[in-house]
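The next block holds one structure in the form of structure tokens; read it before the comments.
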Amino acid sequence: MWIKEPTRINDHIEFLGTHELCFYLIHGDDAMIIDGGMSHATPALEEQFARLDIDPAVVKYALVTHSHFDHCGAVPYFRQRFPNVQILGTEPARQALANEKIVNYNAKINDKAANDLGFGDACEPIADRTDELKIDTVISDGDMLDLGQGIVAEFYQVPGHSKCCVATYLPRFKALFPTDTTPHPVSEWTNLTFPSAQHSFVEYVESLKRLNRFAVEILGLDHHGVLTGEDAQEFLAMGLQRTLLFEERVLKRYEETGDLDMVAKELTHEEFERVRLPFITEDLFFLITKAMLKRIVGLKK
């Protein structure tokens with residue numbers, strides 16, 4: 001089953017945020033939020049947290065799944081709403097979010113998106129709060145976090161989309177949160193986006209292979225919802241298959257044209273029309289696509 005909109009997944013997992021920007025609240029005795037999203041998702045989050053009537057003191061952790069602008073913009077809101085929260089992330093994420101250029105860019109894109117989408121009055125700008133985007137506690141591959149009531153979160157580094165991607169696995173529920181280390185569904189759950197491997201296509205494929213080794217019955221994506229039951233495992237396998245086919249397609253088209261910009265423009269037009277994330281412009285989509293194609297064809301510049 002493909003769950004497209006926020007809802008309760010089970011007694012310990014809440015799907016929050018929006019269809020485009022997915023957050024997950026995992027709660028035992030303590031609670032953890034998975035993903036940092038964007039600032040314009042915070043009005044929806046505030047309504048959802050209020051409806052859940054959760055004690056702010058028990059939300060002790062928020063995981064930044066990676067350091068891109070659409071995965072850290074709600075972090076200042078978490079710090080304000082949950083006084084005990086620690087922001088978790090990998091060492092590469094800590095380094096990225098300690099970089100003034102990166103955090104300023106992330107804040108700029110978040111504030112612009114909030115204004116462009118009509119949420120400017122409801123979201124506090126983060127341009128003057130970039131110090132709040134930092135990682136408080138570094139997690140490493142294989143680390144575990146006990147939330148109580150038999151709920152243990154395991155963390156696994158899955159680079160490729162970015163250097164700092166981290167997936168979360170909850171063995172009790174066979175629940176996997178793979179971050180952007182997998183394509184996402186559009187229109188139908190079997191209709192997948194292109195892969196997104198700007199950092200390293202080779203590492204992205206290896207990370208996808210690693211994720212396919214987990215037994216999965218709940219697959220919580222960073223964008224476009226949750227897959228459950230047999231569909232969750234099948235989706236992961238399909239993501240790997242489509243990624244390898246995409247690589248073949250890019251290499252063939254580049255061999256035919258010898259023009260990386262042309263191939264990137266063709267693929268950008270095709271994918272942008274299908275996906276249309278409201279916070280990503282077509283120009284930015286082109287840059288993201290071209291960066292990935294460089295990794296596939298092995299160009300250095």
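Ordering of the structure tokens sets the chain letters (A, B, ...); residue numbers start at 1 within each chain; ligands are numbered from 1 in the order shown.
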
> Hey, what's within 9 Å of His223 (chain A) if we count only C-alpha atoms and toss same-chain stuff fewer than 6 positions away? As a PyMOL selection string, please?
Replying inline: chain A and resi 18-23+179-180+184-185

Residues near His161 (chain A), cut-off 12 Å, only C-alpha atoms, skip fewer than 4 positions along chain, as a short mmCIF file (atom, residue, chain, number, x, y, z; two decimals) with C-alpha atoms, in the first residue's frame:
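Below is the file around30.cif, written as the result:
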```cif
data_model
loop_
_atom_site.label_atom_id
_atom_site.label_comp_id
_atom_site.auth_asym_id
_atom_site.auth_seq_id
_atom_site.Cartn_x
_atom_site.Cartn_y
_atom_site.Cartn_z
CA THR A 65 18.91 12.59 7.31
CA HIS A 66 21.33 14.70 5.25
CA SER A 67 22.39 18.32 4.98
CA HIS A 68 20.52 19.47 1.85
CA GLN A 157 25.33 5.52 6.49
CA CYS A 165 22.99 10.46 4.04
CA VAL A 166 21.90 8.24 6.91
CA ALA A 167 19.10 5.66 6.97
CA PRO A 178 16.10 5.33 3.64
CA THR A 179 16.26 9.13 3.14
CA ASP A 180 16.86 10.07 -0.53
CA THR A 181 18.90 6.93 -1.19
CA THR A 182 16.14 5.60 -3.40
CA PRO A 183 13.89 6.99 -6.14
CA PHE A 194 14.90 9.11 -11.60
CA PRO A 195 17.59 8.33 -9.02
CA SER A 196 19.23 11.32 -7.37
CA ALA A 197 22.94 10.68 -6.95
CA GLN A 198 24.71 14.02 -7.07
CA HIS A 199 27.57 13.00 -4.77
CA SER A 200 28.48 9.57 -6.15
CA PHE A 201 26.49 7.29 -8.44
CA VAL A 202 28.64 4.30 -7.51
CA GLU A 203 28.05 4.86 -3.79
CA TYR A 204 24.35 5.44 -4.41
CA VAL A 205 24.04 2.04 -6.10
CA GLU A 206 26.01 0.33 -3.32
CA SER A 207 23.84 2.03 -0.68
CA LEU A 208 20.68 0.91 -2.48
CA ILE A 288 21.05 18.63 -9.93
CA THR A 289 20.55 16.38 -12.97
CA ALA A 291 25.75 16.89 -11.47
CA MET A 292 24.46 13.31 -11.38
CA ARG A 295 29.11 11.15 -11.91
#
```

>> I want to know what sits within 12 Å of Arg129 (chain A), based on only C-alpha atoms, with residues of the same chain fewer than 5 positions away left out; could you give that as a ChimeraX atom specification?
In response: /A:39,73-77,79-80,100,103-104,106-108,110-111,124,134

How would the residues just picked look written out with C-alpha atoms as a PDB file, in the first residue's frame?
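Result file part.pdb:
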```pdb
ATOM      1  CA  SER A  39      10.561  25.634   7.174  1.00  0.00           C
ATOM      2  CA  GLY A  73      14.897  23.831   7.370  1.00  0.00           C
ATOM      3  CA  ALA A  74      12.549  22.818  10.192  1.00  0.00           C
ATOM      4  CA  VAL A  75      15.392  22.277  12.676  1.00  0.00           C
ATOM      5  CA  PRO A  76      15.128  25.779  14.238  1.00  0.00           C
ATOM      6  CA  TYR A  77      11.421  25.134  14.786  1.00  0.00           C
ATOM      7  CA  ARG A  79      14.658  23.579  18.845  1.00  0.00           C
ATOM      8  CA  GLN A  80      12.022  26.147  19.734  1.00  0.00           C
ATOM      9  CA  GLU A 100      28.836  29.209   6.641  1.00  0.00           C
ATOM     10  CA  VAL A 103      23.982  27.075   5.936  1.00  0.00           C
ATOM     11  CA  ASN A 104      23.446  30.518   4.432  1.00  0.00           C
ATOM     12  CA  ASN A 106      20.069  26.478   2.943  1.00  0.00           C
ATOM     13  CA  ALA A 107      18.462  29.311   4.910  1.00  0.00           C
ATOM     14  CA  LYS A 108      18.043  31.456   1.805  1.00  0.00           C
ATOM     15  CA  ASN A 110      14.009  27.859   2.825  1.00  0.00           C
ATOM     16  CA  ASP A 111      12.994  31.466   3.395  1.00  0.00           C
ATOM     17  CA  GLU A 124       9.839  32.547  11.201  1.00  0.00           C
ATOM     18  CA  LYS A 134      24.018  22.676  13.465  1.00  0.00           C
TER      19      LYS A 134
END
```

>> Could you go through region 191-271 of chain A and tell me which residues DSSP, when run on the backbone, assigns to alpha helix (DSSP H), listing them as an NGL selection string?
In response: :A and (201-211 or 230-257 or 260-271)

Put those residues in a file: C-alpha atoms, as a compact mmCIF listing (two decimals), in the first residue's frame.
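Written out: out19.txt:
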```txt
# COMPACT_ATOMS: atom_id res chain seq x y z
CA PHE A 201 26.49 7.29 -8.44
CA VAL A 202 28.64 4.30 -7.51
CA GLU A 203 28.05 4.86 -3.79
CA TYR A 204 24.35 5.44 -4.41
CA VAL A 205 24.04 2.04 -6.10
CA GLU A 206 26.01 0.33 -3.32
CA SER A 207 23.84 2.03 -0.68
CA LEU A 208 20.68 0.91 -2.48
CA LYS A 209 22.00 -2.63 -2.54
CA ARG A 210 22.65 -2.38 1.19
CA LEU A 211 19.11 -1.16 1.87
CA GLU A 230 4.90 -6.46 0.44
CA ASP A 231 4.95 -3.26 -1.61
CA ALA A 232 7.67 -1.82 0.65
CA GLN A 233 10.17 -4.58 -0.12
CA GLU A 234 9.21 -4.63 -3.79
CA PHE A 235 9.64 -0.88 -4.05
CA LEU A 236 13.22 -1.08 -2.80
CA ALA A 237 14.06 -3.80 -5.34
CA MET A 238 12.39 -1.81 -8.08
CA GLY A 239 14.34 1.30 -7.07
CA LEU A 240 17.63 -0.54 -7.56
CA GLN A 241 16.54 -2.01 -10.88
CA ARG A 242 15.35 1.36 -12.23
CA THR A 243 18.56 3.02 -11.07
CA LEU A 244 20.71 0.56 -13.02
CA LEU A 245 18.49 0.98 -16.09
CA PHE A 246 18.79 4.75 -15.77
CA GLU A 247 22.58 4.43 -15.79
CA GLU A 248 22.43 2.39 -19.00
CA ARG A 249 20.13 4.97 -20.58
CA VAL A 250 22.41 7.89 -19.70
CA LEU A 251 25.55 6.19 -20.97
CA LYS A 252 23.86 5.24 -24.24
CA ARG A 253 22.46 8.72 -24.82
CA TYR A 254 25.79 10.36 -23.98
CA GLU A 255 27.57 8.03 -26.38
CA GLU A 256 25.09 9.06 -29.10
CA THR A 257 25.35 12.81 -28.53
CA LEU A 260 26.25 16.26 -21.49
CA ASP A 261 24.24 19.50 -21.39
CA MET A 262 21.89 18.21 -24.09
CA VAL A 263 21.29 14.96 -22.23
CA ALA A 264 20.79 16.81 -18.94
CA LYS A 265 18.28 19.18 -20.55
CA GLU A 266 16.34 16.28 -22.09
CA LEU A 267 16.13 14.40 -18.80
CA THR A 268 15.38 17.55 -16.79
CA HIS A 269 12.42 18.42 -19.00
CA GLU A 270 11.05 14.88 -18.80
CA GLU A 271 11.44 14.53 -15.04
```

> Can you list, as JSON, numbers by chain, every protein, DNA or RNA residue that comes within 12 Å of Val58 (chain A) when you count only C-alpha atoms, leaving out same-chain residues fewer than 6 positions away?
Replying inline: {"A": [25, 26, 27, 28, 29, 30, 31, 32, 33, 81, 82, 83, 84, 85, 86, 147, 148]}

>> Which of region 97-247 of chain A end up as strand (DSSP E) when DSSP is run on this backbone - answer as a PyMOL selection string?
In response: chain A and resi 137-138+144-148+151-157+166-170+175-177+185-186+188-192+218-220+226-228

>> Residues near region 1-8 of chain A, anyone? I mean within 6 Å using only C-alpha atoms, not counting same-chain ones fewer than 6 positions away, as an MDAnalysis selection string.
In response: chainID A and resid 14:16 19 225:228

> From the list A:Thr190, A:Asn212, A:Asn99, A:Thr90, which residue is nearest Asp131 (chain A) when using only C-alpha atoms?
Replying inline: A:Asn99

> Which distance in Å separates CA of Gln95 (chain A) and CA of Cys164 (chain A), to one decimal?
Replying inline: 9.3 Å

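CA of Gly37 (chain A) is found 5.0 Å from CA of Asp70 (chain A).
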
>> Could you tell me how far CA of Gly89 (chain A) sits from CA of Ile280 (chain A), in Å to one decimal place?
In response: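 According to the coordinates, CA of Ile280 (chain A) and CA of Gly89 (chain A) are separated by 23.7 Å.
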
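Of the listed residues (A:Phe173, A:Tyr156, A:His224, A:Gly229), A:His224 comes nearest to Trp189 (chain A); the distances count only C-alpha atoms.
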
> With distances taken over only C-alpha atoms, which of A:Gly220, A:Leu287, A:Glu188, A:Arg94 is nearest to Lys163 (chain A)?
Replying inline: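 Checking each of A:Gly220, A:Leu287, A:Glu188, A:Arg94 against Lys163 (chain A), counting only C-alpha atoms, the winner is A:Arg94.
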
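If you measure from each of A:Pro56, A:Gly36, A:Gly150, A:Pro278 to Ala114 (chain A) using only C-alpha atoms, the closest one turns out to be A:Pro278.
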
>> My list of candidates is A:Val297, A:Leu284, A:Val59, A:Ile102. Which is closest to Gly258 (chain A) when distances are computed with only C-alpha atoms?
In response: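 For Gly258 (chain A), the nearest of the candidates is A:Val297.
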
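Summary of the local environment: counting only C-alpha atoms, residues at most 7 Å from Ile109 (chain A), other than itself and those fewer than 4 positions away along its chain, are Phe69, Tyr105 and Ala113 of chain A.
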